[in-house]
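Data from coords-v9.pdb: PDB, C-alpha atoms
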```pdb
ATOM      1  CA  ALA A  20     -47.891 197.158 201.237
ATOM      2  CA  GLN A  21     -51.066 195.147 201.257
ATOM      3  CA  SER A  22     -52.374 192.750 203.848
ATOM      4  CA  VAL A  23     -55.446 190.710 204.664
ATOM      5  CA  THR A  24     -56.841 189.738 208.048
ATOM      6  CA  GLN A  25     -59.349 186.941 208.356
ATOM      7  CA  LEU A  26     -60.963 186.889 211.765
ATOM      8  CA  GLY A  27     -61.453 183.397 213.093
ATOM      9  CA  SER A  28     -59.380 180.459 211.947
ATOM     10  CA  HIS A  29     -62.441 178.257 212.453
ATOM     11  CA  VAL A  30     -66.123 179.084 212.120
ATOM     12  CA  SER A  31     -68.840 176.597 213.014
ATOM     13  CA  VAL A  32     -72.431 176.837 211.837
ATOM     14  CA  SER A  33     -75.423 174.560 211.692
ATOM     15  CA  GLU A  34     -76.857 173.472 208.393
ATOM     16  CA  GLY A  35     -79.330 176.116 207.245
ATOM     17  CA  ALA A  36     -77.767 178.895 209.295
ATOM     18  CA  LEU A  37     -76.218 182.079 207.988
ATOM     19  CA  VAL A  38     -72.567 181.885 207.006
ATOM     20  CA  LEU A  39     -70.434 184.962 207.699
ATOM     21  CA  LEU A  40     -66.695 184.860 207.095
ATOM     22  CA  ARG A  41     -64.861 188.076 207.869
ATOM     23  CA  CYS A  42     -62.121 189.680 205.820
ATOM     24  CA  ASN A  43     -60.473 193.032 206.381
ATOM     25  CA  TYR A  44     -57.813 194.356 204.063
ATOM     26  CA  SER A  45     -55.177 197.020 203.999
ATOM     27  CA  SER A  46     -54.161 198.603 200.723
ATOM     28  CA  SER A  47     -52.632 201.932 199.738
ATOM     29  CA  VAL A  48     -54.243 201.741 196.306
ATOM     30  CA  PRO A  49     -57.741 200.734 195.192
ATOM     31  CA  PRO A  50     -57.820 197.014 195.809
ATOM     32  CA  TYR A  51     -58.936 194.023 193.862
ATOM     33  CA  LEU A  52     -60.415 191.491 196.289
ATOM     34  CA  PHE A  53     -61.004 187.787 195.972
ATOM     35  CA  TRP A  54     -62.512 184.909 197.893
ATOM     36  CA  TYR A  55     -61.281 181.392 197.189
ATOM     37  CA  VAL A  56     -62.518 178.079 198.546
ATOM     38  CA  GLN A  57     -60.397 174.992 199.077
ATOM     39  CA  TYR A  58     -62.064 171.645 199.620
ATOM     40  CA  PRO A  59     -60.035 168.895 201.313
ATOM     41  CA  ASN A  60     -57.156 167.700 199.153
ATOM     42  CA  GLN A  61     -58.112 169.999 196.332
ATOM     43  CA  GLY A  62     -56.856 173.198 194.758
ATOM     44  CA  LEU A  63     -58.192 176.731 194.982
ATOM     45  CA  GLN A  64     -61.509 177.601 193.406
ATOM     46  CA  LEU A  65     -62.539 181.191 192.849
ATOM     47  CA  LEU A  66     -65.804 182.013 194.627
ATOM     48  CA  LEU A  67     -66.053 185.655 193.653
ATOM     49  CA  LYS A  68     -64.029 188.784 193.029
ATOM     50  CA  TYR A  69     -64.333 192.541 193.327
ATOM     51  CA  THR A  70     -62.657 194.539 190.584
ATOM     52  CA  SER A  71     -64.040 198.047 191.229
ATOM     53  CA  ALA A  72     -67.417 197.512 189.612
ATOM     54  CA  ALA A  73     -70.485 196.774 191.792
ATOM     55  CA  THR A  74     -69.755 196.734 195.524
ATOM     56  CA  LEU A  75     -72.056 193.759 196.130
ATOM     57  CA  VAL A  76     -70.546 190.804 194.368
ATOM     58  CA  LYS A  77     -72.364 187.541 193.792
ATOM     59  CA  GLY A  78     -70.394 184.375 193.378
ATOM     60  CA  ILE A  79     -70.874 180.690 192.894
ATOM     61  CA  ASN A  80     -72.741 178.327 195.226
ATOM     62  CA  GLY A  81     -74.918 181.107 196.652
ATOM     63  CA  PHE A  82     -72.097 183.125 198.194
ATOM     64  CA  GLU A  83     -71.817 186.873 198.024
ATOM     65  CA  ALA A  84     -69.557 189.560 199.432
ATOM     66  CA  GLU A  85     -69.849 193.299 199.889
ATOM     67  CA  PHE A  86     -66.963 195.694 199.429
ATOM     68  CA  LYS A  87     -67.089 198.395 202.106
ATOM     69  CA  LYS A  88     -64.348 200.916 201.577
ATOM     70  CA  SER A  89     -65.081 202.836 204.792
ATOM     71  CA  GLU A  90     -64.664 199.664 206.822
ATOM     72  CA  THR A  91     -61.906 198.167 204.604
ATOM     73  CA  SER A  92     -63.902 194.969 204.648
ATOM     74  CA  PHE A  93     -64.973 192.312 202.186
ATOM     75  CA  HIS A  94     -66.959 189.822 204.260
ATOM     76  CA  LEU A  95     -68.299 186.643 202.673
ATOM     77  CA  THR A  96     -71.877 185.575 203.359
ATOM     78  CA  LYS A  97     -74.311 182.859 202.455
ATOM     79  CA  PRO A  98     -77.901 182.869 203.735
ATOM     80  CA  SER A  99     -78.172 179.148 204.384
ATOM     81  CA  ALA A 100     -75.259 176.793 204.934
ATOM     82  CA  HIS A 101     -75.088 173.363 203.335
ATOM     83  CA  MET A 102     -72.992 170.461 204.496
ATOM     84  CA  SER A 103     -71.129 170.716 201.203
ATOM     85  CA  ASP A 104     -69.897 174.202 202.155
ATOM     86  CA  ALA A 105     -67.481 172.732 204.688
ATOM     87  CA  ALA A 106     -64.073 173.812 203.416
ATOM     88  CA  GLU A 107     -61.321 176.345 203.958
ATOM     89  CA  TYR A 108     -61.905 179.845 202.672
ATOM     90  CA  PHE A 109     -59.246 182.366 201.745
ATOM     91  CA  CYS A 110     -59.610 186.082 201.227
ATOM     92  CA  ALA A 111     -56.977 187.750 199.045
ATOM     93  CA  VAL A 112     -56.098 191.241 197.891
ATOM     94  CA  SER A 113     -54.200 192.530 194.906
ATOM     95  CA  SER A 114     -53.227 195.975 193.763
ATOM     96  CA  GLY A 115     -53.958 195.017 190.199
ATOM     97  CA  SER A 116     -50.297 195.277 189.305
ATOM     98  CA  PHE A 117     -50.218 191.514 188.749
ATOM     99  CA  GLN A 118     -47.177 191.096 190.909
ATOM    100  CA  LYS A 119     -48.734 189.608 193.961
ATOM    101  CA  LEU A 120     -51.920 188.222 195.386
ATOM    102  CA  VAL A 121     -51.753 188.583 199.167
ATOM    103  CA  PHE A 122     -53.717 185.965 201.064
ATOM    104  CA  GLY A 123     -55.212 185.851 204.503
ATOM    105  CA  THR A 124     -54.453 182.904 206.741
ATOM    106  CA  GLY A 125     -57.732 181.206 205.924
ATOM    107  CA  THR A 126     -60.927 180.302 207.772
ATOM    108  CA  ARG A 127     -62.082 176.737 208.060
ATOM    109  CA  LEU A 128     -65.858 176.491 207.886
ATOM    110  CA  LEU A 129     -67.416 173.589 209.770
ATOM    111  CA  VAL A 130     -71.072 172.749 209.093
ATOM    112  CA  SER A 131     -72.956 170.516 211.500
ATOM    113  CA  PRO A 132     -76.248 168.742 210.793
TER     114      PRO A 132
ATOM    115  CA  GLU B  17     -60.444 174.288 178.501
ATOM    116  CA  ALA B  18     -58.433 177.126 180.065
ATOM    117  CA  GLN B  19     -56.233 175.683 182.749
ATOM    118  CA  VAL B  20     -52.978 175.633 184.660
ATOM    119  CA  THR B  21     -51.389 172.196 184.828
ATOM    120  CA  GLN B  22     -48.944 171.236 187.545
ATOM    121  CA  ASN B  23     -46.965 168.034 187.834
ATOM    122  CA  PRO B  24     -46.505 165.978 189.826
ATOM    123  CA  ARG B  25     -49.496 166.117 192.115
ATOM    124  CA  TYR B  26     -47.677 164.391 194.954
ATOM    125  CA  LEU B  27     -43.947 164.056 195.528
ATOM    126  CA  ILE B  28     -41.885 162.545 198.308
ATOM    127  CA  THR B  29     -38.160 163.124 198.138
ATOM    128  CA  VAL B  30     -35.068 163.071 200.291
ATOM    129  CA  THR B  31     -33.092 166.012 201.574
ATOM    130  CA  GLY B  32     -30.668 167.366 198.995
ATOM    131  CA  LYS B  33     -32.061 165.642 195.923
ATOM    132  CA  LYS B  34     -32.786 168.204 193.240
ATOM    133  CA  LEU B  35     -36.342 168.312 191.931
ATOM    134  CA  THR B  36     -38.477 170.284 189.511
ATOM    135  CA  VAL B  37     -42.189 170.941 189.671
ATOM    136  CA  THR B  38     -43.595 171.794 186.282
ATOM    137  CA  CYS B  39     -46.296 174.336 185.521
ATOM    138  CA  SER B  40     -47.930 175.022 182.192
ATOM    139  CA  GLN B  41     -50.796 177.304 181.155
ATOM    140  CA  ASN B  42     -52.777 177.373 177.923
ATOM    141  CA  MET B  43     -54.256 180.864 178.208
ATOM    142  CA  ASN B  44     -51.365 182.848 176.716
ATOM    143  CA  HIS B  45     -50.999 184.777 179.978
ATOM    144  CA  GLU B  46     -47.883 186.843 180.416
ATOM    145  CA  TYR B  47     -47.847 186.736 184.186
ATOM    146  CA  MET B  48     -47.241 183.577 186.225
ATOM    147  CA  SER B  49     -46.346 182.933 189.844
ATOM    148  CA  TRP B  50     -45.655 180.275 192.465
ATOM    149  CA  TYR B  51     -47.095 180.092 195.981
ATOM    150  CA  ARG B  52     -46.642 177.776 198.896
ATOM    151  CA  GLN B  53     -49.390 177.007 201.371
ATOM    152  CA  ASP B  54     -48.651 176.162 204.984
ATOM    153  CA  PRO B  55     -51.155 175.613 207.825
ATOM    154  CA  GLY B  56     -51.978 178.832 209.624
ATOM    155  CA  LEU B  57     -49.981 180.933 207.177
ATOM    156  CA  GLY B  58     -52.200 180.948 204.120
ATOM    157  CA  LEU B  59     -50.477 181.168 200.751
ATOM    158  CA  ARG B  60     -47.249 183.054 200.268
ATOM    159  CA  GLN B  61     -45.658 184.033 196.999
ATOM    160  CA  ILE B  62     -42.318 182.410 196.156
ATOM    161  CA  TYR B  63     -41.481 183.850 192.713
ATOM    162  CA  TYR B  64     -43.285 185.533 189.874
ATOM    163  CA  SER B  65     -42.663 186.158 186.208
ATOM    164  CA  MET B  66     -44.017 189.044 184.175
ATOM    165  CA  ASN B  67     -42.945 187.602 180.841
ATOM    166  CA  VAL B  68     -40.417 185.341 179.143
ATOM    167  CA  GLU B  69     -36.997 185.733 180.766
ATOM    168  CA  VAL B  70     -38.409 188.184 183.357
ATOM    169  CA  THR B  71     -38.658 186.799 186.886
ATOM    170  CA  ASP B  72     -38.477 188.266 190.368
ATOM    171  CA  LYS B  73     -38.587 187.184 193.985
ATOM    172  CA  GLY B  74     -41.729 187.040 196.009
ATOM    173  CA  ASP B  75     -41.956 186.891 199.797
ATOM    174  CA  VAL B  76     -40.301 183.521 200.420
ATOM    175  CA  PRO B  77     -37.793 182.847 197.609
ATOM    176  CA  GLU B  78     -35.012 181.235 199.662
ATOM    177  CA  GLY B  79     -34.183 177.736 198.471
ATOM    178  CA  TYR B  80     -36.081 178.031 195.199
ATOM    179  CA  LYS B  81     -35.270 178.859 191.595
ATOM    180  CA  VAL B  82     -37.496 179.459 188.607
ATOM    181  CA  SER B  83     -37.086 179.921 184.892
ATOM    182  CA  ARG B  84     -39.321 181.265 182.140
ATOM    183  CA  LYS B  85     -37.934 180.262 178.789
ATOM    184  CA  GLU B  86     -41.329 179.916 177.155
ATOM    185  CA  LYS B  87     -44.475 181.868 177.797
ATOM    186  CA  ARG B  88     -46.563 178.828 178.721
ATOM    187  CA  ASN B  89     -44.125 177.168 181.161
ATOM    188  CA  PHE B  90     -42.870 178.273 184.566
ATOM    189  CA  PRO B  91     -41.095 175.454 186.420
ATOM    190  CA  LEU B  92     -40.160 175.630 190.098
ATOM    191  CA  ILE B  93     -36.759 174.190 190.946
ATOM    192  CA  LEU B  94     -35.542 173.062 194.341
ATOM    193  CA  GLU B  95     -31.807 172.508 193.936
ATOM    194  CA  SER B  96     -31.264 171.074 197.422
ATOM    195  CA  PRO B  97     -34.607 170.470 199.129
ATOM    196  CA  SER B  98     -34.823 170.566 202.895
ATOM    197  CA  PRO B  99     -37.588 169.393 205.257
ATOM    198  CA  ASN B 100     -38.783 172.985 205.814
ATOM    199  CA  GLN B 101     -39.795 173.028 202.160
ATOM    200  CA  THR B 102     -42.400 170.374 202.842
ATOM    201  CA  SER B 103     -45.529 172.186 201.741
ATOM    202  CA  LEU B 104     -48.381 172.444 199.255
ATOM    203  CA  TYR B 105     -47.344 174.370 196.155
ATOM    204  CA  PHE B 106     -49.545 176.208 193.694
ATOM    205  CA  CYS B 107     -48.759 177.699 190.343
ATOM    206  CA  ALA B 108     -50.933 180.527 189.041
ATOM    207  CA  SER B 109     -51.292 182.494 185.860
ATOM    208  CA  THR B 110     -52.962 185.859 185.607
ATOM    209  CA  SER B 111     -55.282 187.541 183.211
ATOM    210  CA  HIS B 112     -55.136 191.317 183.401
ATOM    211  CA  SER B 113     -57.801 192.258 180.879
ATOM    212  CA  GLY B 114     -60.193 194.596 182.678
ATOM    213  CA  THR B 115     -63.030 192.874 184.500
ATOM    214  CA  ASN B 116     -61.535 189.527 183.550
ATOM    215  CA  TYR B 117     -58.644 190.261 185.853
ATOM    216  CA  GLY B 118     -58.010 187.203 187.948
ATOM    217  CA  TYR B 119     -55.717 184.383 188.911
ATOM    218  CA  THR B 120     -56.088 180.802 187.709
ATOM    219  CA  PHE B 121     -54.465 178.246 189.971
ATOM    220  CA  GLY B 122     -53.180 174.790 189.256
ATOM    221  CA  SER B 123     -54.363 171.795 191.271
ATOM    222  CA  GLY B 124     -51.374 171.914 193.573
ATOM    223  CA  THR B 125     -48.309 169.794 194.288
ATOM    224  CA  ARG B 126     -47.939 168.300 197.731
ATOM    225  CA  LEU B 127     -44.223 167.977 198.430
ATOM    226  CA  THR B 128     -42.751 166.051 201.332
ATOM    227  CA  VAL B 129     -39.020 166.260 201.985
ATOM    228  CA  VAL B 130     -37.670 163.628 204.390
TER     229      VAL B 130
END
```
Render the structure in this file as structure tokens.
Amino acid sequence: AQSVTQLGSHVSVSEGALVLLRCNYSSSVPPYLFWYVQYPNQGLQLLLKYTSAATLVKGINGFEAEFKKSETSFHLTKPSAHMSDAAEYFCAVSSGSFQKLVFGTGTRLLVSP
Amino acid sequence: EAQVTQNPRYLITVTGKKLTVTCSQNMNHEYMSWYRQDPGLGLRQIYYSMNVEVTDKGDVPEGYKVSRKEKRNFPLILESPSPNQTSLYFCASTSHSGTNYGYTFGSGTRLTVV
């Protein structure tokens, strides 16, 4: 069985500060990992994904994530937060069998001026 | 444009009144699925379909039905909705071609059952 743990239901940063959203996964097979962003009253937008190629994955809007197998982590970072980054972020894992994408409970990012 | 289209976007209904949420994809994907999103719980899979006429239960299938008569369509049916089915619903279709592997989500359907 697969699972995802996102530490911190809310993360607050100041504009210009580093963004770090934590994601740890559990998977008995090599995982595929995803980060999605959800802006208020909108759907899910893919930020980036890891599909067993490069361990450092760059996504849209300046975000990146690093797959660390030894730590079973896939943390999302951005060097400098913008007000427009305020949203809810979901980490998800899949076995690649197409049957299920398992989501974490989400982290709401708050950005203050 | 490759997309997953859900309708309606918003729906308010009364307990027990059957409803259908439609989902259609234009990417010729074989695999489609439905999720519900609830605060503090993230998204949970309701049902999935691996191809036409092939469907199976996800983690929270109770109270829902699906059908897959055509490859592009995967409607979600609530035969007798109850207030605990008030939620935000997402349909997804999946590409499984190598590095293009990924899930495309619809815009969501916000359902309120009163």
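Comparing the minimum interatomic distances between Leu40 (chain A) and each of A:Thr70, A:Gln57, A:Ser92, A:Asn80, counting only C-alpha atoms, we find that A:Ser92 sits nearest.
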The ChimeraX specification (/B :<9) & /A applied to the shown file, residues as a ChimeraX atom specification: /A:28,51,53,61-65,68-72,109,115-125
Contact residues around region 86-92 of chain B with only C-alpha atoms at 6 Å, ignoring same-chain residues under 6 positions, as a list in words: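 In the requested form, the answer reads Thr36, Val37, Thr38, Cys39, Ser40, Gln41 and Val68 of chain B.
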Given the PyMOL selection byres ((chain B and resi 32) around 8), the residues it picks as a ChimeraX atom specification: /B:30-31,33-34,95-98
Residues in the PyMOL selection byres ((chain A and resi 46) around 12), expressed as an MDAnalysis selection string: chainID A and resid 20:24 43:45 47:52 88 91:92 111:115 120:121
Protein/DNA/RNA residues near (-69.2, 196.8, 202.1), cut 12 Å, all atoms listed in the file, as a PyMOL selection string: chain A and resi 41-44+52+69+73-76+83-96
